[in-house]
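> So here's entry.cif, just mmCIF, N, CA and C atoms:
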```cif
data_start
#
loop_
_atom_site.label_atom_id
_atom_site.label_comp_id
_atom_site.auth_asym_id
_atom_site.auth_seq_id
_atom_site.Cartn_x
_atom_site.Cartn_y
_atom_site.Cartn_z
N MET A 1 -45.74 29.57 14.67
CA MET A 1 -45.58 30.63 15.65
C MET A 1 -46.88 31.40 15.85
N THR A 2 -47.82 31.29 14.92
CA THR A 2 -49.11 31.96 15.07
C THR A 2 -50.18 30.93 15.42
N ILE A 3 -51.30 31.45 15.86
CA ILE A 3 -52.46 30.62 16.15
C ILE A 3 -53.64 31.15 15.34
N HIS A 4 -54.65 30.33 15.17
CA HIS A 4 -55.84 30.74 14.43
C HIS A 4 -56.89 31.28 15.38
N GLN A 5 -57.51 32.35 14.94
CA GLN A 5 -58.56 33.01 15.71
C GLN A 5 -59.78 33.19 14.81
N LEU A 6 -60.94 32.97 15.37
CA LEU A 6 -62.19 33.22 14.65
C LEU A 6 -62.61 34.67 14.90
N SER A 7 -63.10 35.32 13.87
CA SER A 7 -63.75 36.61 14.01
C SER A 7 -65.17 36.42 13.51
N VAL A 8 -66.12 36.56 14.42
CA VAL A 8 -67.52 36.32 14.10
C VAL A 8 -68.26 37.65 14.13
N PHE A 9 -68.95 37.96 13.05
CA PHE A 9 -69.72 39.20 12.97
C PHE A 9 -71.12 38.90 13.47
N ILE A 10 -71.51 39.61 14.52
CA ILE A 10 -72.76 39.30 15.22
C ILE A 10 -73.62 40.55 15.29
N GLU A 11 -74.89 40.40 14.91
CA GLU A 11 -75.84 41.50 15.03
C GLU A 11 -76.07 41.79 16.51
N ASN A 12 -76.16 43.06 16.86
CA ASN A 12 -76.38 43.46 18.25
C ASN A 12 -77.85 43.30 18.63
N LYS A 13 -78.22 42.07 18.89
CA LYS A 13 -79.57 41.80 19.39
C LYS A 13 -79.53 40.54 20.24
N SER A 14 -80.46 40.44 21.12
CA SER A 14 -80.51 39.34 22.09
C SER A 14 -80.54 37.99 21.39
N GLY A 15 -79.69 37.09 21.86
CA GLY A 15 -79.72 35.71 21.38
C GLY A 15 -78.70 35.37 20.31
N THR A 16 -78.11 36.37 19.65
CA THR A 16 -77.19 36.03 18.55
C THR A 16 -75.88 35.45 19.07
N LEU A 17 -75.35 35.96 20.15
CA LEU A 17 -74.10 35.44 20.70
C LEU A 17 -74.29 34.03 21.25
N VAL A 18 -75.38 33.82 21.96
CA VAL A 18 -75.62 32.49 22.53
C VAL A 18 -75.78 31.45 21.42
N LYS A 19 -76.34 31.84 20.29
CA LYS A 19 -76.49 30.92 19.15
C LYS A 19 -75.11 30.41 18.69
N VAL A 20 -74.17 31.33 18.56
CA VAL A 20 -72.81 30.96 18.14
C VAL A 20 -72.15 30.07 19.19
N PHE A 21 -72.22 30.48 20.44
CA PHE A 21 -71.58 29.69 21.50
C PHE A 21 -72.20 28.30 21.63
N LYS A 22 -73.52 28.20 21.45
CA LYS A 22 -74.18 26.88 21.55
C LYS A 22 -73.77 25.96 20.40
N MET A 23 -73.60 26.53 19.19
CA MET A 23 -73.15 25.70 18.07
C MET A 23 -71.79 25.08 18.39
N LEU A 24 -70.90 25.88 18.95
CA LEU A 24 -69.57 25.37 19.31
C LEU A 24 -69.68 24.35 20.44
N LYS A 25 -70.49 24.65 21.43
CA LYS A 25 -70.70 23.73 22.56
C LYS A 25 -71.22 22.38 22.08
N ASN A 26 -72.20 22.41 21.19
CA ASN A 26 -72.81 21.17 20.70
C ASN A 26 -71.82 20.30 19.92
N GLU A 27 -70.76 20.89 19.42
CA GLU A 27 -69.73 20.14 18.69
C GLU A 27 -68.53 19.81 19.57
N GLY A 28 -68.62 20.13 20.86
CA GLY A 28 -67.54 19.80 21.79
C GLY A 28 -66.31 20.67 21.65
N ILE A 29 -66.48 21.87 21.13
CA ILE A 29 -65.35 22.79 20.95
C ILE A 29 -65.23 23.67 22.19
N GLN A 30 -64.05 23.66 22.79
CA GLN A 30 -63.80 24.40 24.01
C GLN A 30 -63.38 25.83 23.69
N LEU A 31 -64.08 26.80 24.28
CA LEU A 31 -63.66 28.20 24.17
C LEU A 31 -62.49 28.42 25.12
N ILE A 32 -61.45 29.06 24.63
CA ILE A 32 -60.29 29.38 25.45
C ILE A 32 -60.34 30.85 25.87
N ALA A 33 -60.67 31.71 24.92
CA ALA A 33 -60.81 33.14 25.20
C ALA A 33 -61.73 33.74 24.15
N SER A 34 -62.42 34.81 24.54
CA SER A 34 -63.23 35.55 23.58
C SER A 34 -63.31 37.00 24.03
N THR A 35 -63.51 37.84 23.05
CA THR A 35 -63.67 39.27 23.31
C THR A 35 -64.61 39.83 22.25
N ILE A 36 -65.33 40.88 22.60
CA ILE A 36 -66.26 41.48 21.65
C ILE A 36 -65.96 42.98 21.55
N ALA A 37 -65.84 43.45 20.31
CA ALA A 37 -65.79 44.87 20.01
C ALA A 37 -67.10 45.19 19.31
N ASP A 38 -67.77 46.27 19.72
CA ASP A 38 -69.08 46.50 19.15
C ASP A 38 -69.24 47.90 18.56
N THR A 39 -70.23 47.98 17.68
CA THR A 39 -70.72 49.24 17.15
C THR A 39 -72.22 49.23 17.42
N ALA A 40 -72.93 50.20 16.92
CA ALA A 40 -74.37 50.26 17.18
C ALA A 40 -75.13 49.09 16.56
N GLU A 41 -74.68 48.61 15.40
CA GLU A 41 -75.44 47.58 14.69
C GLU A 41 -74.91 46.16 14.86
N TYR A 42 -73.61 46.02 15.04
CA TYR A 42 -73.05 44.68 15.11
C TYR A 42 -71.83 44.65 16.02
N GLY A 43 -71.41 43.45 16.33
CA GLY A 43 -70.20 43.25 17.11
C GLY A 43 -69.28 42.29 16.39
N ILE A 44 -68.01 42.37 16.71
CA ILE A 44 -67.05 41.40 16.22
C ILE A 44 -66.58 40.61 17.43
N CYS A 45 -66.92 39.36 17.43
CA CYS A 45 -66.53 38.47 18.52
C CYS A 45 -65.30 37.69 18.07
N ARG A 46 -64.20 37.92 18.75
CA ARG A 46 -62.96 37.20 18.42
C ARG A 46 -62.85 36.04 19.41
N ILE A 47 -62.58 34.85 18.86
CA ILE A 47 -62.61 33.63 19.67
C ILE A 47 -61.34 32.81 19.44
N LEU A 48 -60.74 32.39 20.54
CA LEU A 48 -59.72 31.35 20.51
C LEU A 48 -60.41 30.10 21.03
N CYS A 49 -60.24 29.00 20.33
CA CYS A 49 -60.91 27.77 20.73
C CYS A 49 -60.04 26.56 20.44
N SER A 50 -60.48 25.42 20.92
CA SER A 50 -59.70 24.19 20.82
C SER A 50 -59.55 23.68 19.39
N GLU A 51 -60.52 23.92 18.54
CA GLU A 51 -60.48 23.42 17.16
C GLU A 51 -60.95 24.52 16.21
N PRO A 52 -60.09 25.51 15.93
CA PRO A 52 -60.55 26.67 15.16
C PRO A 52 -61.01 26.35 13.74
N THR A 53 -60.36 25.44 13.05
CA THR A 53 -60.77 25.13 11.68
C THR A 53 -62.13 24.45 11.67
N LYS A 54 -62.34 23.52 12.57
CA LYS A 54 -63.64 22.86 12.69
C LYS A 54 -64.72 23.87 13.07
N ALA A 55 -64.41 24.76 14.01
CA ALA A 55 -65.37 25.78 14.43
C ALA A 55 -65.73 26.69 13.26
N TYR A 56 -64.73 27.07 12.50
CA TYR A 56 -64.97 27.92 11.33
C TYR A 56 -65.93 27.23 10.36
N ASP A 57 -65.67 25.96 10.05
CA ASP A 57 -66.53 25.22 9.12
C ASP A 57 -67.96 25.12 9.64
N ILE A 58 -68.12 24.85 10.92
CA ILE A 58 -69.45 24.71 11.52
C ILE A 58 -70.23 26.02 11.40
N LEU A 59 -69.57 27.12 11.76
CA LEU A 59 -70.24 28.42 11.72
C LEU A 59 -70.54 28.85 10.28
N LYS A 60 -69.58 28.65 9.40
CA LYS A 60 -69.76 29.02 7.99
C LYS A 60 -70.93 28.24 7.38
N ASP A 61 -70.97 26.92 7.65
CA ASP A 61 -72.05 26.08 7.13
C ASP A 61 -73.42 26.49 7.66
N ALA A 62 -73.43 27.11 8.84
CA ALA A 62 -74.69 27.56 9.45
C ALA A 62 -75.08 28.96 8.98
N GLY A 63 -74.27 29.54 8.08
CA GLY A 63 -74.59 30.85 7.55
C GLY A 63 -74.13 32.02 8.41
N VAL A 64 -73.27 31.74 9.36
CA VAL A 64 -72.74 32.79 10.22
C VAL A 64 -71.59 33.49 9.50
N ALA A 65 -71.54 34.80 9.59
CA ALA A 65 -70.44 35.57 8.99
C ALA A 65 -69.21 35.42 9.88
N VAL A 66 -68.25 34.63 9.41
CA VAL A 66 -67.08 34.31 10.22
C VAL A 66 -65.84 34.31 9.34
N SER A 67 -64.72 34.70 9.92
CA SER A 67 -63.44 34.59 9.21
C SER A 67 -62.43 33.94 10.16
N LEU A 68 -61.40 33.40 9.56
CA LEU A 68 -60.34 32.74 10.31
C LEU A 68 -59.05 33.45 9.96
N CYS A 69 -58.33 33.93 10.97
CA CYS A 69 -57.09 34.64 10.70
C CYS A 69 -56.01 34.17 11.68
N GLU A 70 -54.79 34.56 11.39
CA GLU A 70 -53.66 34.22 12.24
C GLU A 70 -53.31 35.39 13.14
N VAL A 71 -53.08 35.09 14.41
CA VAL A 71 -52.65 36.07 15.40
C VAL A 71 -51.49 35.46 16.18
N PHE A 72 -50.81 36.29 16.93
CA PHE A 72 -49.73 35.83 17.79
C PHE A 72 -50.24 35.71 19.21
N ALA A 73 -49.72 34.75 19.95
CA ALA A 73 -50.04 34.59 21.37
C ALA A 73 -48.72 34.44 22.11
N LEU A 74 -48.41 35.42 22.94
CA LEU A 74 -47.19 35.36 23.74
C LEU A 74 -47.53 34.96 25.16
N GLU A 75 -46.67 34.14 25.74
CA GLU A 75 -46.80 33.78 27.15
C GLU A 75 -45.89 34.72 27.94
N LEU A 76 -46.46 35.37 28.94
CA LEU A 76 -45.73 36.33 29.75
C LEU A 76 -45.80 35.95 31.21
N ASP A 77 -44.77 36.33 31.97
CA ASP A 77 -44.84 36.16 33.41
C ASP A 77 -45.97 37.04 33.94
N ASP A 78 -46.65 36.56 34.96
CA ASP A 78 -47.75 37.31 35.56
C ASP A 78 -47.18 38.35 36.52
N GLU A 79 -46.59 39.39 35.94
CA GLU A 79 -46.00 40.49 36.70
C GLU A 79 -46.40 41.80 36.05
N PRO A 80 -46.59 42.85 36.83
CA PRO A 80 -46.95 44.14 36.26
C PRO A 80 -45.91 44.61 35.23
N GLY A 81 -46.42 45.07 34.09
CA GLY A 81 -45.55 45.65 33.08
C GLY A 81 -45.04 44.72 32.00
N ARG A 82 -45.26 43.42 32.14
CA ARG A 82 -44.73 42.49 31.13
C ARG A 82 -45.37 42.70 29.76
N ALA A 83 -46.66 42.99 29.71
CA ALA A 83 -47.31 43.27 28.42
C ALA A 83 -46.73 44.54 27.82
N ALA A 84 -46.54 45.56 28.63
CA ALA A 84 -45.95 46.82 28.14
C ALA A 84 -44.55 46.58 27.59
N ASP A 85 -43.77 45.76 28.26
CA ASP A 85 -42.41 45.46 27.79
C ASP A 85 -42.45 44.79 26.42
N ALA A 86 -43.35 43.85 26.25
CA ALA A 86 -43.45 43.12 24.98
C ALA A 86 -43.90 44.06 23.86
N ILE A 87 -44.93 44.84 24.10
CA ILE A 87 -45.44 45.75 23.08
C ILE A 87 -44.40 46.82 22.74
N GLU A 88 -43.62 47.23 23.72
CA GLU A 88 -42.58 48.23 23.46
C GLU A 88 -41.55 47.72 22.45
N LEU A 89 -41.23 46.43 22.50
CA LEU A 89 -40.30 45.85 21.52
C LEU A 89 -40.82 46.03 20.10
N PHE A 90 -42.10 45.79 19.91
CA PHE A 90 -42.69 45.91 18.58
C PHE A 90 -42.80 47.38 18.16
N ALA A 91 -43.24 48.23 19.08
CA ALA A 91 -43.40 49.65 18.77
C ALA A 91 -42.06 50.28 18.39
N SER A 92 -40.99 49.87 19.06
CA SER A 92 -39.68 50.44 18.77
C SER A 92 -39.19 50.09 17.37
N GLU A 93 -39.79 49.06 16.77
CA GLU A 93 -39.46 48.66 15.41
C GLU A 93 -40.49 49.15 14.39
N GLY A 94 -41.39 50.02 14.84
CA GLY A 94 -42.37 50.62 13.94
C GLY A 94 -43.55 49.72 13.60
N ILE A 95 -43.79 48.70 14.39
CA ILE A 95 -44.89 47.78 14.13
C ILE A 95 -46.16 48.31 14.81
N SER A 96 -47.24 48.32 14.05
CA SER A 96 -48.54 48.72 14.59
C SER A 96 -49.33 47.47 14.99
N ILE A 97 -50.09 47.60 16.03
CA ILE A 97 -50.94 46.51 16.51
C ILE A 97 -52.38 46.90 16.18
N ALA A 98 -53.04 46.08 15.36
CA ALA A 98 -54.42 46.36 14.98
C ALA A 98 -55.36 46.18 16.17
N TYR A 99 -55.15 45.13 16.95
CA TYR A 99 -55.91 44.90 18.17
C TYR A 99 -55.15 43.90 19.02
N LEU A 100 -55.49 43.89 20.30
CA LEU A 100 -54.92 42.89 21.20
C LEU A 100 -55.88 42.67 22.35
N TYR A 101 -55.73 41.53 22.99
CA TYR A 101 -56.42 41.24 24.23
C TYR A 101 -55.53 40.31 25.03
N SER A 102 -55.80 40.25 26.31
CA SER A 102 -54.95 39.42 27.16
C SER A 102 -55.80 38.74 28.23
N PHE A 103 -55.23 37.70 28.80
CA PHE A 103 -55.90 36.98 29.87
C PHE A 103 -54.86 36.19 30.64
N LEU A 104 -55.24 35.72 31.81
CA LEU A 104 -54.36 34.88 32.62
C LEU A 104 -54.80 33.43 32.46
N LEU A 105 -53.82 32.55 32.35
CA LEU A 105 -54.12 31.13 32.20
C LEU A 105 -53.03 30.35 32.89
N ASN A 106 -53.42 29.55 33.86
CA ASN A 106 -52.47 28.71 34.60
C ASN A 106 -51.27 29.49 35.14
N GLY A 107 -51.55 30.67 35.69
CA GLY A 107 -50.50 31.47 36.32
C GLY A 107 -49.60 32.23 35.37
N LYS A 108 -49.94 32.25 34.10
CA LYS A 108 -49.17 32.99 33.10
C LYS A 108 -50.09 33.98 32.38
N GLY A 109 -49.51 35.09 31.96
CA GLY A 109 -50.26 36.02 31.14
C GLY A 109 -50.19 35.56 29.69
N VAL A 110 -51.26 35.76 28.96
CA VAL A 110 -51.28 35.46 27.53
C VAL A 110 -51.69 36.75 26.82
N LEU A 111 -50.85 37.18 25.90
CA LEU A 111 -51.09 38.39 25.12
C LEU A 111 -51.34 37.98 23.68
N VAL A 112 -52.55 38.24 23.19
CA VAL A 112 -52.94 37.87 21.84
C VAL A 112 -53.05 39.16 21.03
N PHE A 113 -52.42 39.19 19.86
CA PHE A 113 -52.45 40.42 19.07
C PHE A 113 -52.28 40.14 17.58
N ARG A 114 -52.73 41.12 16.80
CA ARG A 114 -52.59 41.05 15.34
C ARG A 114 -51.81 42.28 14.88
N PRO A 115 -50.58 42.05 14.41
CA PRO A 115 -49.74 43.16 13.97
C PRO A 115 -49.89 43.44 12.47
N ASP A 116 -49.36 44.59 12.06
CA ASP A 116 -49.39 44.92 10.64
C ASP A 116 -48.24 44.29 9.85
N ASP A 117 -47.23 43.77 10.55
CA ASP A 117 -46.07 43.18 9.88
C ASP A 117 -45.68 41.85 10.57
N PRO A 118 -46.40 40.77 10.25
CA PRO A 118 -46.15 39.49 10.93
C PRO A 118 -44.72 38.98 10.79
N GLU A 119 -44.10 39.16 9.64
CA GLU A 119 -42.73 38.67 9.45
C GLU A 119 -41.75 39.37 10.38
N LYS A 120 -41.91 40.66 10.53
CA LYS A 120 -41.05 41.43 11.43
C LYS A 120 -41.27 41.00 12.89
N VAL A 121 -42.53 40.73 13.22
CA VAL A 121 -42.86 40.27 14.57
C VAL A 121 -42.20 38.92 14.85
N ARG A 122 -42.24 38.01 13.89
CA ARG A 122 -41.59 36.70 14.06
C ARG A 122 -40.11 36.88 14.40
N LYS A 123 -39.45 37.76 13.68
CA LYS A 123 -38.02 38.00 13.90
C LYS A 123 -37.78 38.58 15.30
N ILE A 124 -38.61 39.52 15.70
CA ILE A 124 -38.45 40.13 17.03
C ILE A 124 -38.67 39.10 18.13
N ILE A 125 -39.67 38.25 17.95
CA ILE A 125 -39.94 37.20 18.95
C ILE A 125 -38.73 36.29 19.09
N LEU A 126 -38.18 35.85 17.97
CA LEU A 126 -37.02 34.95 18.01
C LEU A 126 -35.77 35.66 18.54
N ASP A 127 -35.50 36.86 18.06
CA ASP A 127 -34.31 37.60 18.48
C ASP A 127 -34.31 37.91 19.98
N ASN A 128 -35.51 38.14 20.54
CA ASN A 128 -35.63 38.50 21.95
C ASN A 128 -36.01 37.32 22.83
N LYS A 129 -36.05 36.13 22.22
CA LYS A 129 -36.36 34.89 22.95
C LYS A 129 -37.66 35.00 23.77
N LEU A 130 -38.66 35.61 23.13
CA LEU A 130 -39.98 35.68 23.76
C LEU A 130 -40.65 34.32 23.65
N THR A 131 -41.46 34.00 24.61
CA THR A 131 -42.15 32.71 24.61
C THR A 131 -43.49 32.87 23.91
N TYR A 132 -43.63 32.20 22.78
CA TYR A 132 -44.89 32.22 22.07
C TYR A 132 -45.60 30.89 22.29
N ILE A 133 -46.90 30.92 22.10
CA ILE A 133 -47.71 29.71 22.29
C ILE A 133 -48.08 29.17 20.92
N PRO A 134 -47.56 28.01 20.55
CA PRO A 134 -47.97 27.41 19.26
C PRO A 134 -49.40 26.88 19.38
N GLU A 135 -50.07 26.85 18.24
CA GLU A 135 -51.47 26.42 18.24
C GLU A 135 -51.67 25.03 18.84
N LYS A 136 -50.73 24.13 18.59
CA LYS A 136 -50.89 22.76 19.11
C LYS A 136 -50.89 22.73 20.64
N ASP A 137 -50.32 23.75 21.29
CA ASP A 137 -50.27 23.81 22.74
C ASP A 137 -51.39 24.62 23.36
N LEU A 138 -52.06 25.42 22.56
CA LEU A 138 -53.07 26.31 23.11
C LEU A 138 -54.21 25.56 23.78
N SER A 139 -54.73 24.54 23.14
CA SER A 139 -55.86 23.83 23.72
C SER A 139 -55.48 23.02 24.94
N THR A 140 -54.20 22.68 25.10
CA THR A 140 -53.79 21.94 26.29
C THR A 140 -53.68 22.86 27.50
N LEU A 141 -53.66 24.17 27.27
CA LEU A 141 -53.60 25.13 28.36
C LEU A 141 -54.95 25.33 29.01
N ALA A 142 -56.01 25.07 28.27
CA ALA A 142 -57.38 25.36 28.76
C ALA A 142 -57.81 24.38 29.83
#
```
Written as structure tokens, that's how I'd like the structure from this file.


Amino acid sequence: MTIHQLSVFIENKSGTLVKVFKMLKNEGIQLIASTIADTAEYGICRILCSEPTKAYDILKDAGVAVSLCEVFALELDDEPGRAADAIELFASEGISIAYLYSFLLNGKGVLVFRPDDPEKVRKIILDNKLTYIPEKDLSTLA
């Protein structure tokens, strides 16, 4: 029910992001989505890609500060308010969201997030018949 996401710690200077993206490109790894949160000294680039474990190994072997974690990806209808409706279900159960990002893919909204209580989220997804994207299907969407 979860997918793997890379979190890459990148120094805020010219060329560091392109270095990471080129390493993935050279290995034939397709980027599906990425987002960057930054501070004055560094950024955290979160990446969904076609082969997250392979990407993790490549970056780690190259000395890049990277971690691999599990996040949820929900498929939503591309209509105003669908993300709010989904997040409201979790908030009403006291679940906190550490971060989230969203994008449109093939006419559907995709909401990616990391909650503080994954087991509770799994139950809510199943009980409410929300459509989640399994990792095996993520790369076929790109």

> What residues come out when you apply the PyMOL selection byres (((chain A and resi 31 and name CA) around 12) and name CA) to this file, written as a PDB file with N, CA and C atoms, in the frame of the given file?


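Now in result39.pdb:
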```pdb
ATOM      1  N   GLN A   5     -57.510  32.350  14.940  1.00  0.00           N
ATOM      2  CA  GLN A   5     -58.560  33.010  15.710  1.00  0.00           C
ATOM      3  C   GLN A   5     -59.780  33.190  14.810  1.00  0.00           C
ATOM      4  N   LEU A   6     -60.940  32.970  15.370  1.00  0.00           N
ATOM      5  CA  LEU A   6     -62.190  33.220  14.650  1.00  0.00           C
ATOM      6  C   LEU A   6     -62.610  34.670  14.900  1.00  0.00           C
ATOM      7  N   VAL A  20     -74.170  31.330  18.560  1.00  0.00           N
ATOM      8  CA  VAL A  20     -72.810  30.960  18.140  1.00  0.00           C
ATOM      9  C   VAL A  20     -72.150  30.070  19.190  1.00  0.00           C
ATOM     10  N   PHE A  21     -72.220  30.480  20.440  1.00  0.00           N
ATOM     11  CA  PHE A  21     -71.580  29.690  21.500  1.00  0.00           C
ATOM     12  C   PHE A  21     -72.200  28.300  21.630  1.00  0.00           C
ATOM     13  N   LYS A  22     -73.520  28.200  21.450  1.00  0.00           N
ATOM     14  CA  LYS A  22     -74.180  26.880  21.550  1.00  0.00           C
ATOM     15  C   LYS A  22     -73.770  25.960  20.400  1.00  0.00           C
ATOM     16  N   MET A  23     -73.600  26.530  19.190  1.00  0.00           N
ATOM     17  CA  MET A  23     -73.150  25.700  18.070  1.00  0.00           C
ATOM     18  C   MET A  23     -71.790  25.080  18.390  1.00  0.00           C
ATOM     19  N   LEU A  24     -70.900  25.880  18.950  1.00  0.00           N
ATOM     20  CA  LEU A  24     -69.570  25.370  19.310  1.00  0.00           C
ATOM     21  C   LEU A  24     -69.680  24.350  20.440  1.00  0.00           C
ATOM     22  N   LYS A  25     -70.490  24.650  21.430  1.00  0.00           N
ATOM     23  CA  LYS A  25     -70.700  23.730  22.560  1.00  0.00           C
ATOM     24  C   LYS A  25     -71.220  22.380  22.080  1.00  0.00           C
ATOM     25  N   GLU A  27     -70.760  20.890  19.420  1.00  0.00           N
ATOM     26  CA  GLU A  27     -69.730  20.140  18.690  1.00  0.00           C
ATOM     27  C   GLU A  27     -68.530  19.810  19.570  1.00  0.00           C
ATOM     28  N   GLY A  28     -68.620  20.130  20.860  1.00  0.00           N
ATOM     29  CA  GLY A  28     -67.540  19.800  21.790  1.00  0.00           C
ATOM     30  C   GLY A  28     -66.310  20.670  21.650  1.00  0.00           C
ATOM     31  N   ILE A  29     -66.480  21.870  21.130  1.00  0.00           N
ATOM     32  CA  ILE A  29     -65.350  22.790  20.950  1.00  0.00           C
ATOM     33  C   ILE A  29     -65.230  23.670  22.190  1.00  0.00           C
ATOM     34  N   GLN A  30     -64.050  23.660  22.790  1.00  0.00           N
ATOM     35  CA  GLN A  30     -63.800  24.400  24.010  1.00  0.00           C
ATOM     36  C   GLN A  30     -63.380  25.830  23.690  1.00  0.00           C
ATOM     37  N   ILE A  32     -61.450  29.060  24.630  1.00  0.00           N
ATOM     38  CA  ILE A  32     -60.290  29.380  25.450  1.00  0.00           C
ATOM     39  C   ILE A  32     -60.340  30.850  25.870  1.00  0.00           C
ATOM     40  N   ALA A  33     -60.670  31.710  24.920  1.00  0.00           N
ATOM     41  CA  ALA A  33     -60.810  33.140  25.200  1.00  0.00           C
ATOM     42  C   ALA A  33     -61.730  33.740  24.150  1.00  0.00           C
ATOM     43  N   SER A  34     -62.420  34.810  24.540  1.00  0.00           N
ATOM     44  CA  SER A  34     -63.230  35.550  23.580  1.00  0.00           C
ATOM     45  C   SER A  34     -63.310  37.000  24.030  1.00  0.00           C
ATOM     46  N   THR A  35     -63.510  37.840  23.050  1.00  0.00           N
ATOM     47  CA  THR A  35     -63.670  39.270  23.310  1.00  0.00           C
ATOM     48  C   THR A  35     -64.610  39.830  22.250  1.00  0.00           C
ATOM     49  N   ARG A  46     -64.200  37.920  18.750  1.00  0.00           N
ATOM     50  CA  ARG A  46     -62.960  37.200  18.420  1.00  0.00           C
ATOM     51  C   ARG A  46     -62.850  36.040  19.410  1.00  0.00           C
ATOM     52  N   ILE A  47     -62.580  34.850  18.860  1.00  0.00           N
ATOM     53  CA  ILE A  47     -62.610  33.630  19.670  1.00  0.00           C
ATOM     54  C   ILE A  47     -61.340  32.810  19.440  1.00  0.00           C
ATOM     55  N   LEU A  48     -60.740  32.390  20.540  1.00  0.00           N
ATOM     56  CA  LEU A  48     -59.720  31.350  20.510  1.00  0.00           C
ATOM     57  C   LEU A  48     -60.410  30.100  21.030  1.00  0.00           C
ATOM     58  N   CYS A  49     -60.240  29.000  20.330  1.00  0.00           N
ATOM     59  CA  CYS A  49     -60.910  27.770  20.730  1.00  0.00           C
ATOM     60  C   CYS A  49     -60.040  26.560  20.440  1.00  0.00           C
ATOM     61  N   SER A  50     -60.480  25.420  20.920  1.00  0.00           N
ATOM     62  CA  SER A  50     -59.700  24.190  20.820  1.00  0.00           C
ATOM     63  C   SER A  50     -59.550  23.680  19.390  1.00  0.00           C
ATOM     64  N   GLU A  51     -60.520  23.920  18.540  1.00  0.00           N
ATOM     65  CA  GLU A  51     -60.480  23.420  17.160  1.00  0.00           C
ATOM     66  C   GLU A  51     -60.950  24.520  16.210  1.00  0.00           C
ATOM     67  N   PRO A  52     -60.090  25.510  15.930  1.00  0.00           N
ATOM     68  CA  PRO A  52     -60.550  26.670  15.160  1.00  0.00           C
ATOM     69  C   PRO A  52     -61.010  26.350  13.740  1.00  0.00           C
ATOM     70  N   ALA A  55     -64.410  24.760  14.010  1.00  0.00           N
ATOM     71  CA  ALA A  55     -65.370  25.780  14.430  1.00  0.00           C
ATOM     72  C   ALA A  55     -65.730  26.690  13.260  1.00  0.00           C
ATOM     73  N   LEU A 138     -52.060  25.420  22.560  1.00  0.00           N
ATOM     74  CA  LEU A 138     -53.070  26.310  23.110  1.00  0.00           C
ATOM     75  C   LEU A 138     -54.210  25.560  23.780  1.00  0.00           C
ATOM     76  N   SER A 139     -54.730  24.540  23.140  1.00  0.00           N
ATOM     77  CA  SER A 139     -55.860  23.830  23.720  1.00  0.00           C
ATOM     78  C   SER A 139     -55.480  23.020  24.940  1.00  0.00           C
ATOM     79  N   THR A 140     -54.200  22.680  25.100  1.00  0.00           N
ATOM     80  CA  THR A 140     -53.790  21.940  26.290  1.00  0.00           C
ATOM     81  C   THR A 140     -53.680  22.860  27.500  1.00  0.00           C
ATOM     82  N   LEU A 141     -53.660  24.170  27.270  1.00  0.00           N
ATOM     83  CA  LEU A 141     -53.600  25.130  28.360  1.00  0.00           C
ATOM     84  C   LEU A 141     -54.950  25.330  29.010  1.00  0.00           C
ATOM     85  N   ALA A 142     -56.010  25.070  28.270  1.00  0.00           N
ATOM     86  CA  ALA A 142     -57.380  25.360  28.760  1.00  0.00           C
ATOM     87  C   ALA A 142     -57.810  24.380  29.830  1.00  0.00           C
TER      88      ALA A 142
END
```

> Calculate how many Å separate CA of Lys136 in chain A from CA of Val66 in chain A, rounding to one decimal.

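Between these atoms lies a distance of 21.8 Å.
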
> From a DSSP calculation on the backbone, collect every residue of chain A in helix (DSSP H, G or I) and output the set as number ranges by chain.

A: 16-26, 52-61, 82-91, 118-127, 135-141

> Excluding Ala73 in chain A and any residue of its chain fewer than 5 positions from it, enumerate the residues within 8 Å of it, using only N, CA and C atoms, and give them as a PyMOL selection string.

chain A and resi 1-3+109-114+131-134

> Rank A:Phe103, A:Phe90, A:Lys19, A:Lys54 by their smallest atom-to-atom distance to Asp127 in chain A, using only C-alpha atoms, and report the top residue only.

A:Phe90

> Using backbone DSSP assignments, extract all strand (DSSP E or B) residues from range 1-125 of chain A; output them as an NGL selection string.

:A and (2-11 or 31-38 or 42-49 or 66-77 or 97-105 or 108-115)

> Using the file's own x, y and z axes, what box holds all listed atoms of range 64-83 of chain A with 4 Å on each side, keeping edges along x, y and z, and what are its centre and edge lengths in Å to one decimal, as AutoDock Vina command-line options?


```
--center_x -59.0 --center_y 38.7 --center_z 22.9 --size_x 36.5 --size_y 21.9 --size_z 35.8
```

> Check the smallest atom-to-atom distance from each of A:Leu105, A:Ala65, A:Leu126, A:Ile95 to Asp77 in chain A using only C-alpha atoms, then report the winner.

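Looking at the shortest contact to Asp77 in chain A, the residue is A:Leu105.
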
> Just give me the gap between atom N of Ile44 in chain A and atom N of Ser102 in chain A in Å, one decimal is fine.

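Distance reported for this atom pair: 15.7 Å.
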
> With the PyMOL selection byres (((chain A and resi 78 and name CA) around 8) and name CA) as the selection, what would be picked from this file? Answer as a PyMOL selection string, please.

chain A and resi 76-77+79-80+82+104+107-109

> Which one is closest to Val8 in chain A: A:Leu74, A:Leu100, A:Leu68, A:Ala91? Count all atoms listed in the file.

A:Leu68

> Please report the interatomic distance between CA of Glu75 in chain A and atom C of Thr53 in chain A in Å with one decimal.

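CA of Glu75 in chain A sits 23.7 Å away from atom C of Thr53 in chain A.
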
> So that I can check the surroundings of Ile10 in chain A, please list as a ChimeraX atom specification every protein, DNA and RNA residue that reaches within 7 Å of it, counting only C-alpha atoms and ignoring chain neighbours fewer than 6 positions away.

/A:16-17,42-44

> Would you mind telling me which residue in A:Asp57, A:Glu93, A:Glu41, A:Asp85 lies nearest to Lys13 in chain A when using all atoms listed in the file?

A:Glu41
